[in-house]
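Listing of run_3.cif; format and content: mmCIF, N, CA and C atoms.
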data_entry
loop_
_atom_site.label_atom_id
_atom_site.label_comp_id
_atom_site.auth_asym_id
_atom_site.auth_seq_id
_atom_site.Cartn_x
_atom_site.Cartn_y
_atom_site.Cartn_z
N MET A 1 0.85 -1.18 0.00
CA MET A 1 0.00 0.00 0.00
C MET A 1 0.89 1.24 0.00
N ASN A 2 0.40 2.27 -0.60
CA ASN A 2 1.10 3.54 -0.70
C ASN A 2 1.10 4.26 0.65
N LYS A 3 2.25 4.82 1.03
CA LYS A 3 2.35 5.50 2.32
C LYS A 3 1.46 6.74 2.38
N ASP A 4 1.24 7.41 1.24
CA ASP A 4 0.34 8.57 1.23
C ASP A 4 -1.10 8.15 1.50
N VAL A 5 -1.50 7.00 0.96
CA VAL A 5 -2.85 6.48 1.20
C VAL A 5 -3.02 6.17 2.68
N ILE A 6 -1.98 5.60 3.28
CA ILE A 6 -2.04 5.30 4.71
C ILE A 6 -2.28 6.57 5.49
N LYS A 7 -1.50 7.61 5.20
CA LYS A 7 -1.62 8.86 5.95
C LYS A 7 -2.94 9.58 5.70
N LYS A 8 -3.42 9.57 4.46
CA LYS A 8 -4.61 10.34 4.11
C LYS A 8 -5.93 9.60 4.36
N GLU A 9 -5.91 8.27 4.23
CA GLU A 9 -7.16 7.52 4.34
C GLU A 9 -7.22 6.62 5.57
N MET A 10 -6.15 5.87 5.80
CA MET A 10 -6.18 4.88 6.86
C MET A 10 -6.06 5.51 8.25
N LEU A 11 -5.15 6.46 8.42
CA LEU A 11 -4.98 7.08 9.74
C LEU A 11 -6.24 7.76 10.25
N PRO A 12 -6.94 8.54 9.40
CA PRO A 12 -8.19 9.14 9.91
C PRO A 12 -9.21 8.10 10.37
N LYS A 13 -9.32 6.98 9.64
CA LYS A 13 -10.24 5.92 10.07
C LYS A 13 -9.79 5.34 11.41
N LEU A 14 -8.50 5.05 11.51
CA LEU A 14 -7.98 4.48 12.75
C LEU A 14 -8.15 5.45 13.92
N GLU A 15 -7.99 6.73 13.67
CA GLU A 15 -8.16 7.72 14.74
C GLU A 15 -9.59 7.74 15.25
N MET A 16 -10.54 7.38 14.39
CA MET A 16 -11.94 7.26 14.83
C MET A 16 -12.19 5.91 15.51
N TYR A 17 -11.68 4.84 14.93
CA TYR A 17 -11.98 3.49 15.39
C TYR A 17 -11.28 3.11 16.69
N VAL A 18 -10.00 3.44 16.82
CA VAL A 18 -9.21 2.95 17.95
C VAL A 18 -9.81 3.35 19.31
N PRO A 19 -10.19 4.62 19.53
CA PRO A 19 -10.78 4.95 20.83
C PRO A 19 -12.09 4.21 21.11
N VAL A 20 -12.89 4.00 20.07
CA VAL A 20 -14.17 3.30 20.24
C VAL A 20 -13.93 1.84 20.60
N VAL A 21 -13.03 1.19 19.88
CA VAL A 21 -12.71 -0.21 20.17
C VAL A 21 -12.14 -0.34 21.57
N ASP A 22 -11.29 0.61 21.95
CA ASP A 22 -10.71 0.59 23.29
C ASP A 22 -11.81 0.69 24.35
N ARG A 23 -12.76 1.56 24.13
CA ARG A 23 -13.85 1.76 25.10
C ARG A 23 -14.77 0.53 25.15
N VAL A 24 -15.07 -0.04 23.99
CA VAL A 24 -16.02 -1.16 23.93
C VAL A 24 -15.38 -2.49 24.37
N HIS A 25 -14.14 -2.72 23.97
CA HIS A 25 -13.52 -4.03 24.20
C HIS A 25 -12.41 -4.03 25.24
N GLY A 26 -12.01 -2.87 25.71
CA GLY A 26 -10.87 -2.78 26.63
C GLY A 26 -11.02 -3.59 27.89
N ALA A 27 -12.23 -3.72 28.40
CA ALA A 27 -12.44 -4.47 29.64
C ALA A 27 -12.14 -5.96 29.46
N HIS A 28 -12.54 -6.51 28.31
CA HIS A 28 -12.32 -7.93 28.04
C HIS A 28 -11.01 -8.21 27.31
N HIS A 29 -10.46 -7.17 26.71
CA HIS A 29 -9.19 -7.30 25.97
C HIS A 29 -8.27 -6.16 26.41
N PRO A 30 -7.73 -6.25 27.63
CA PRO A 30 -6.90 -5.16 28.16
C PRO A 30 -5.66 -4.88 27.31
N GLU A 31 -5.25 -5.85 26.49
CA GLU A 31 -4.11 -5.60 25.61
C GLU A 31 -4.41 -4.48 24.62
N PHE A 32 -5.70 -4.23 24.37
CA PHE A 32 -6.04 -3.18 23.41
C PHE A 32 -5.68 -1.80 23.95
N HIS A 33 -5.63 -1.64 25.26
CA HIS A 33 -5.18 -0.36 25.82
C HIS A 33 -3.76 -0.06 25.35
N GLU A 34 -2.93 -1.08 25.32
CA GLU A 34 -1.56 -0.91 24.84
C GLU A 34 -1.54 -0.66 23.33
N VAL A 35 -2.42 -1.34 22.60
CA VAL A 35 -2.54 -1.10 21.16
C VAL A 35 -2.86 0.37 20.92
N LYS A 36 -3.79 0.90 21.71
CA LYS A 36 -4.19 2.31 21.58
C LYS A 36 -2.99 3.22 21.85
N ASP A 37 -2.25 2.96 22.91
CA ASP A 37 -1.08 3.78 23.22
C ASP A 37 -0.04 3.71 22.10
N LEU A 38 0.21 2.52 21.59
CA LEU A 38 1.17 2.36 20.51
C LEU A 38 0.70 3.05 19.23
N PHE A 39 -0.60 2.97 18.97
CA PHE A 39 -1.14 3.66 17.80
C PHE A 39 -0.93 5.16 17.93
N GLU A 40 -1.19 5.71 19.10
CA GLU A 40 -1.01 7.15 19.30
C GLU A 40 0.45 7.55 19.09
N GLN A 41 1.38 6.72 19.53
CA GLN A 41 2.81 6.97 19.29
C GLN A 41 3.12 6.88 17.80
N MET A 42 2.48 5.94 17.12
CA MET A 42 2.69 5.76 15.69
C MET A 42 2.27 7.01 14.92
N VAL A 43 1.13 7.58 15.28
CA VAL A 43 0.64 8.77 14.60
C VAL A 43 1.65 9.90 14.70
N VAL A 44 2.21 10.10 15.88
CA VAL A 44 3.20 11.15 16.07
C VAL A 44 4.41 10.90 15.18
N LYS A 45 4.88 9.65 15.17
CA LYS A 45 6.05 9.32 14.36
C LYS A 45 5.76 9.47 12.87
N LEU A 46 4.59 9.05 12.44
CA LEU A 46 4.23 9.20 11.02
C LEU A 46 4.16 10.67 10.62
N ASN A 47 3.59 11.47 11.48
CA ASN A 47 3.47 12.91 11.18
C ASN A 47 4.83 13.60 11.15
N ASN A 48 5.80 13.03 11.84
CA ASN A 48 7.15 13.60 11.87
C ASN A 48 8.13 12.83 10.98
N ASP A 49 7.58 11.93 10.15
CA ASP A 49 8.40 11.09 9.26
C ASP A 49 9.52 10.36 9.99
N GLU A 50 9.20 9.84 11.16
CA GLU A 50 10.17 9.09 11.95
C GLU A 50 10.00 7.59 11.70
N ASP A 51 11.03 6.84 12.04
CA ASP A 51 11.03 5.39 11.87
C ASP A 51 10.00 4.73 12.81
N LEU A 52 9.30 3.73 12.30
CA LEU A 52 8.26 3.04 13.07
C LEU A 52 8.69 1.68 13.59
N LYS A 53 9.93 1.29 13.33
CA LYS A 53 10.35 -0.08 13.63
C LYS A 53 10.03 -0.51 15.06
N ASP A 54 10.40 0.29 16.05
CA ASP A 54 10.18 -0.09 17.45
C ASP A 54 8.70 -0.25 17.78
N ILE A 55 7.88 0.62 17.25
CA ILE A 55 6.43 0.53 17.50
C ILE A 55 5.85 -0.71 16.82
N LEU A 56 6.28 -0.98 15.60
CA LEU A 56 5.76 -2.14 14.88
C LEU A 56 6.15 -3.45 15.58
N VAL A 57 7.35 -3.52 16.10
CA VAL A 57 7.78 -4.71 16.85
C VAL A 57 6.87 -4.91 18.06
N GLU A 58 6.60 -3.83 18.79
CA GLU A 58 5.73 -3.92 19.97
C GLU A 58 4.30 -4.29 19.58
N LEU A 59 3.79 -3.71 18.50
CA LEU A 59 2.43 -4.04 18.05
C LEU A 59 2.31 -5.52 17.71
N ARG A 60 3.32 -6.06 17.06
CA ARG A 60 3.29 -7.49 16.73
C ARG A 60 3.22 -8.33 18.00
N LYS A 61 3.98 -7.94 19.02
CA LYS A 61 3.98 -8.69 20.29
C LYS A 61 2.62 -8.59 20.97
N VAL A 62 2.12 -7.37 21.11
CA VAL A 62 0.87 -7.13 21.85
C VAL A 62 -0.32 -7.78 21.16
N THR A 63 -0.33 -7.77 19.82
CA THR A 63 -1.48 -8.30 19.07
C THR A 63 -1.31 -9.75 18.67
N ASN A 64 -0.19 -10.36 19.08
CA ASN A 64 0.11 -11.74 18.66
C ASN A 64 0.08 -11.82 17.13
N ASN A 65 0.86 -10.91 16.53
CA ASN A 65 0.93 -10.81 15.06
C ASN A 65 -0.44 -10.54 14.43
N TYR A 66 -1.17 -9.63 15.05
CA TYR A 66 -2.47 -9.16 14.55
C TYR A 66 -3.52 -10.26 14.50
N LEU A 67 -3.42 -11.20 15.42
CA LEU A 67 -4.41 -12.27 15.52
C LEU A 67 -5.70 -11.69 16.11
N ILE A 68 -6.78 -11.83 15.37
CA ILE A 68 -8.06 -11.24 15.77
C ILE A 68 -8.77 -12.19 16.74
N PRO A 69 -9.10 -11.71 17.95
CA PRO A 69 -9.82 -12.55 18.91
C PRO A 69 -11.19 -12.98 18.35
N ASP A 70 -11.68 -14.10 18.83
CA ASP A 70 -12.95 -14.65 18.35
C ASP A 70 -14.17 -13.84 18.76
N ASP A 71 -14.06 -13.10 19.86
CA ASP A 71 -15.25 -12.46 20.44
C ASP A 71 -15.31 -10.94 20.23
N VAL A 72 -14.81 -10.48 19.08
CA VAL A 72 -14.78 -9.03 18.87
C VAL A 72 -15.60 -8.64 17.64
N CYS A 73 -15.86 -7.34 17.54
CA CYS A 73 -16.67 -6.82 16.45
C CYS A 73 -15.84 -6.58 15.19
N GLU A 74 -16.55 -6.24 14.12
CA GLU A 74 -15.90 -6.00 12.83
C GLU A 74 -14.96 -4.80 12.90
N THR A 75 -15.25 -3.83 13.73
CA THR A 75 -14.39 -2.66 13.85
C THR A 75 -13.05 -3.03 14.47
N TYR A 76 -13.09 -3.87 15.48
CA TYR A 76 -11.85 -4.37 16.10
C TYR A 76 -11.02 -5.08 15.03
N GLU A 77 -11.68 -5.94 14.26
CA GLU A 77 -11.02 -6.66 13.18
C GLU A 77 -10.43 -5.69 12.16
N ALA A 78 -11.18 -4.67 11.80
CA ALA A 78 -10.70 -3.67 10.84
C ALA A 78 -9.46 -2.95 11.36
N VAL A 79 -9.44 -2.63 12.64
CA VAL A 79 -8.28 -1.96 13.23
C VAL A 79 -7.04 -2.83 13.09
N TYR A 80 -7.16 -4.10 13.46
CA TYR A 80 -6.00 -5.00 13.36
C TYR A 80 -5.57 -5.15 11.90
N ASN A 81 -6.52 -5.25 10.99
CA ASN A 81 -6.17 -5.39 9.57
C ASN A 81 -5.45 -4.15 9.06
N MET A 82 -5.91 -2.98 9.44
CA MET A 82 -5.25 -1.75 9.00
C MET A 82 -3.86 -1.61 9.63
N LEU A 83 -3.74 -1.95 10.90
CA LEU A 83 -2.42 -1.88 11.55
C LEU A 83 -1.46 -2.86 10.89
N GLU A 84 -1.95 -4.03 10.53
CA GLU A 84 -1.10 -5.00 9.85
C GLU A 84 -0.67 -4.48 8.47
N GLU A 85 -1.56 -3.82 7.78
CA GLU A 85 -1.23 -3.23 6.48
C GLU A 85 -0.16 -2.15 6.63
N ILE A 86 -0.28 -1.33 7.66
CA ILE A 86 0.74 -0.32 7.93
C ILE A 86 2.06 -1.00 8.23
N ASP A 87 2.02 -2.05 9.02
CA ASP A 87 3.22 -2.81 9.36
C ASP A 87 3.90 -3.30 8.08
N HIS A 88 3.15 -3.93 7.20
CA HIS A 88 3.73 -4.46 5.95
C HIS A 88 4.33 -3.33 5.11
N THR A 89 3.63 -2.24 5.03
CA THR A 89 4.09 -1.12 4.20
C THR A 89 5.37 -0.50 4.74
N TYR A 90 5.42 -0.29 6.04
CA TYR A 90 6.58 0.39 6.63
C TYR A 90 7.71 -0.57 7.00
N SER A 91 7.49 -1.87 6.88
CA SER A 91 8.55 -2.83 7.17
C SER A 91 9.31 -3.24 5.90
N GLU A 92 8.82 -2.80 4.76
CA GLU A 92 9.47 -3.18 3.48
C GLU A 92 10.78 -2.45 3.30
#
Show how you would write the structure in this file as structure tokens.
Amino acid sequence: MNKDVIKKEMLPKLEMYVPVVDRVHGAHHPEFHEVKDLFEQMVVKLNNDEDLKDILVELRKVTNNYLIPDDVCETYEAVYNMLEEIDHTYSE
């Protein structure tokens, strides 16, 4: 995926979705609180054109390589899919 598309299309969606998923699923999936924190750090780094390697390594650990839990909504799934896409794009 194109890095401009990530910044212009994917980040705004994630900025809407991540807080909602955290609020809805955080109690049953406390790891998502860390996903939210890492995402917020990612946004800062992307806006400053900084390297994402350390954040992506942590996201892979926290999400078990973006493994989607069985008991979550489509928005949770979309967040993990978008984060994985960002990971692939910025890890190349």
Checklist entry - What does the distance from atom CA of Ile68 of chain A to atom CA of Lys45 of chain A come to in Å, to one decimal? => result 25.0 Å
Checklist entry - atom CA of Met1 of chain A and atom CA of Asn64 of chain A are how many Å apart? => result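 Atom CA of Met1 of chain A sits 22.0 Å away from atom CA of Asn64 of chain A.
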Item to check | Ref. answer, residues at most 9 Å from (-18.5, 1.2, 10.3) with only C-alpha atoms, as a PyMOL selection string | outcome: chain A and resi 17+74-75
Checklist entry - Expanded to explicit residues, what is the PyMOL selection byres (((chain A and resi 32 and name CA) around 9) and name CA) for this file, as a VMD selection string? => result chain A and resid 18 21 to 22 25 to 26 29 to 31 33 to 37 62 to 63
Could you dump the residues just selected with N, CA and C atoms as a CSV table (one decimal), keeping the file's coordinate frame?
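result33.csv, written as the output of this step:
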chain,number,residue,atom,x,y,z
A,18,VAL,N,-10.0,3.4,16.8
A,18,VAL,CA,-9.2,3.0,18.0
A,18,VAL,C,-9.8,3.4,19.3
A,21,VAL,N,-13.0,1.2,19.9
A,21,VAL,CA,-12.7,-0.2,20.2
A,21,VAL,C,-12.1,-0.3,21.6
A,22,ASP,N,-11.3,0.6,22.0
A,22,ASP,CA,-10.7,0.6,23.3
A,22,ASP,C,-11.8,0.7,24.4
A,25,HIS,N,-14.1,-2.7,24.0
A,25,HIS,CA,-13.5,-4.0,24.2
A,25,HIS,C,-12.4,-4.0,25.2
A,26,GLY,N,-12.0,-2.9,25.7
A,26,GLY,CA,-10.9,-2.8,26.6
A,26,GLY,C,-11.0,-3.6,27.9
A,29,HIS,N,-10.5,-7.2,26.7
A,29,HIS,CA,-9.2,-7.3,26.0
A,29,HIS,C,-8.3,-6.2,26.4
A,30,PRO,N,-7.7,-6.2,27.6
A,30,PRO,CA,-6.9,-5.2,28.2
A,30,PRO,C,-5.7,-4.9,27.3
A,31,GLU,N,-5.2,-5.8,26.5
A,31,GLU,CA,-4.1,-5.6,25.6
A,31,GLU,C,-4.4,-4.5,24.6
A,33,HIS,N,-5.6,-1.6,25.3
A,33,HIS,CA,-5.2,-0.4,25.8
A,33,HIS,C,-3.8,-0.1,25.4
A,34,GLU,N,-2.9,-1.1,25.3
A,34,GLU,CA,-1.6,-0.9,24.8
A,34,GLU,C,-1.5,-0.7,23.3
A,35,VAL,N,-2.4,-1.3,22.6
A,35,VAL,CA,-2.5,-1.1,21.2
A,35,VAL,C,-2.9,0.4,20.9
A,36,LYS,N,-3.8,0.9,21.7
A,36,LYS,CA,-4.2,2.3,21.6
A,36,LYS,C,-3.0,3.2,21.8
A,37,ASP,N,-2.2,3.0,22.9
A,37,ASP,CA,-1.1,3.8,23.2
A,37,ASP,C,0.0,3.7,22.1
A,62,VAL,N,2.1,-7.4,21.1
A,62,VAL,CA,0.9,-7.1,21.8
A,62,VAL,C,-0.3,-7.8,21.2
A,63,THR,N,-0.3,-7.8,19.8
A,63,THR,CA,-1.5,-8.3,19.1
A,63,THR,C,-1.3,-9.8,18.7
Item to check | Straight-line distance linking atom C of Leu14 of chain A with atom N of Asn2 of chain A, stated in Å to one decimal | outcome: 17.1 Å
Checklist entry - Within 8 Å of Leu67 of chain A, counting all atoms listed in the file, which residues qualify if same-chain residues fewer than 6 places away don't, as number ranges by chain? => result A: 60, 77, 80
Next on the checklist: For the provided coordinates, the residues matched by the PyMOL selection byres (((chain A and resi 89 and name CA) around 9) and name CA) should be stated as a ChimeraX atom specification.
Outcome noted: /A:1-3,6,84-88,90-92
Next on the checklist: Write out as a PyMOL selection string the set of residues from chain A that DSSP, computed on the backbone, places in alpha helix (DSSP H).
Outcome noted: chain A and resi 3-5+11-25+31-47+53-62+74-91
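Once the PyMOL selection byres (((chain A and resi 11 and name CA) around 10) and name CA) is applied to the shown structure, the selection contains Val5, Ile6, Lys7, Lys8, Glu9, Met10, Pro12, Lys13, Leu14, Glu15, Met16, Tyr17, Phe39, Met42, Val43, Leu46, Met82, Leu83 and Ile86 of chain A.
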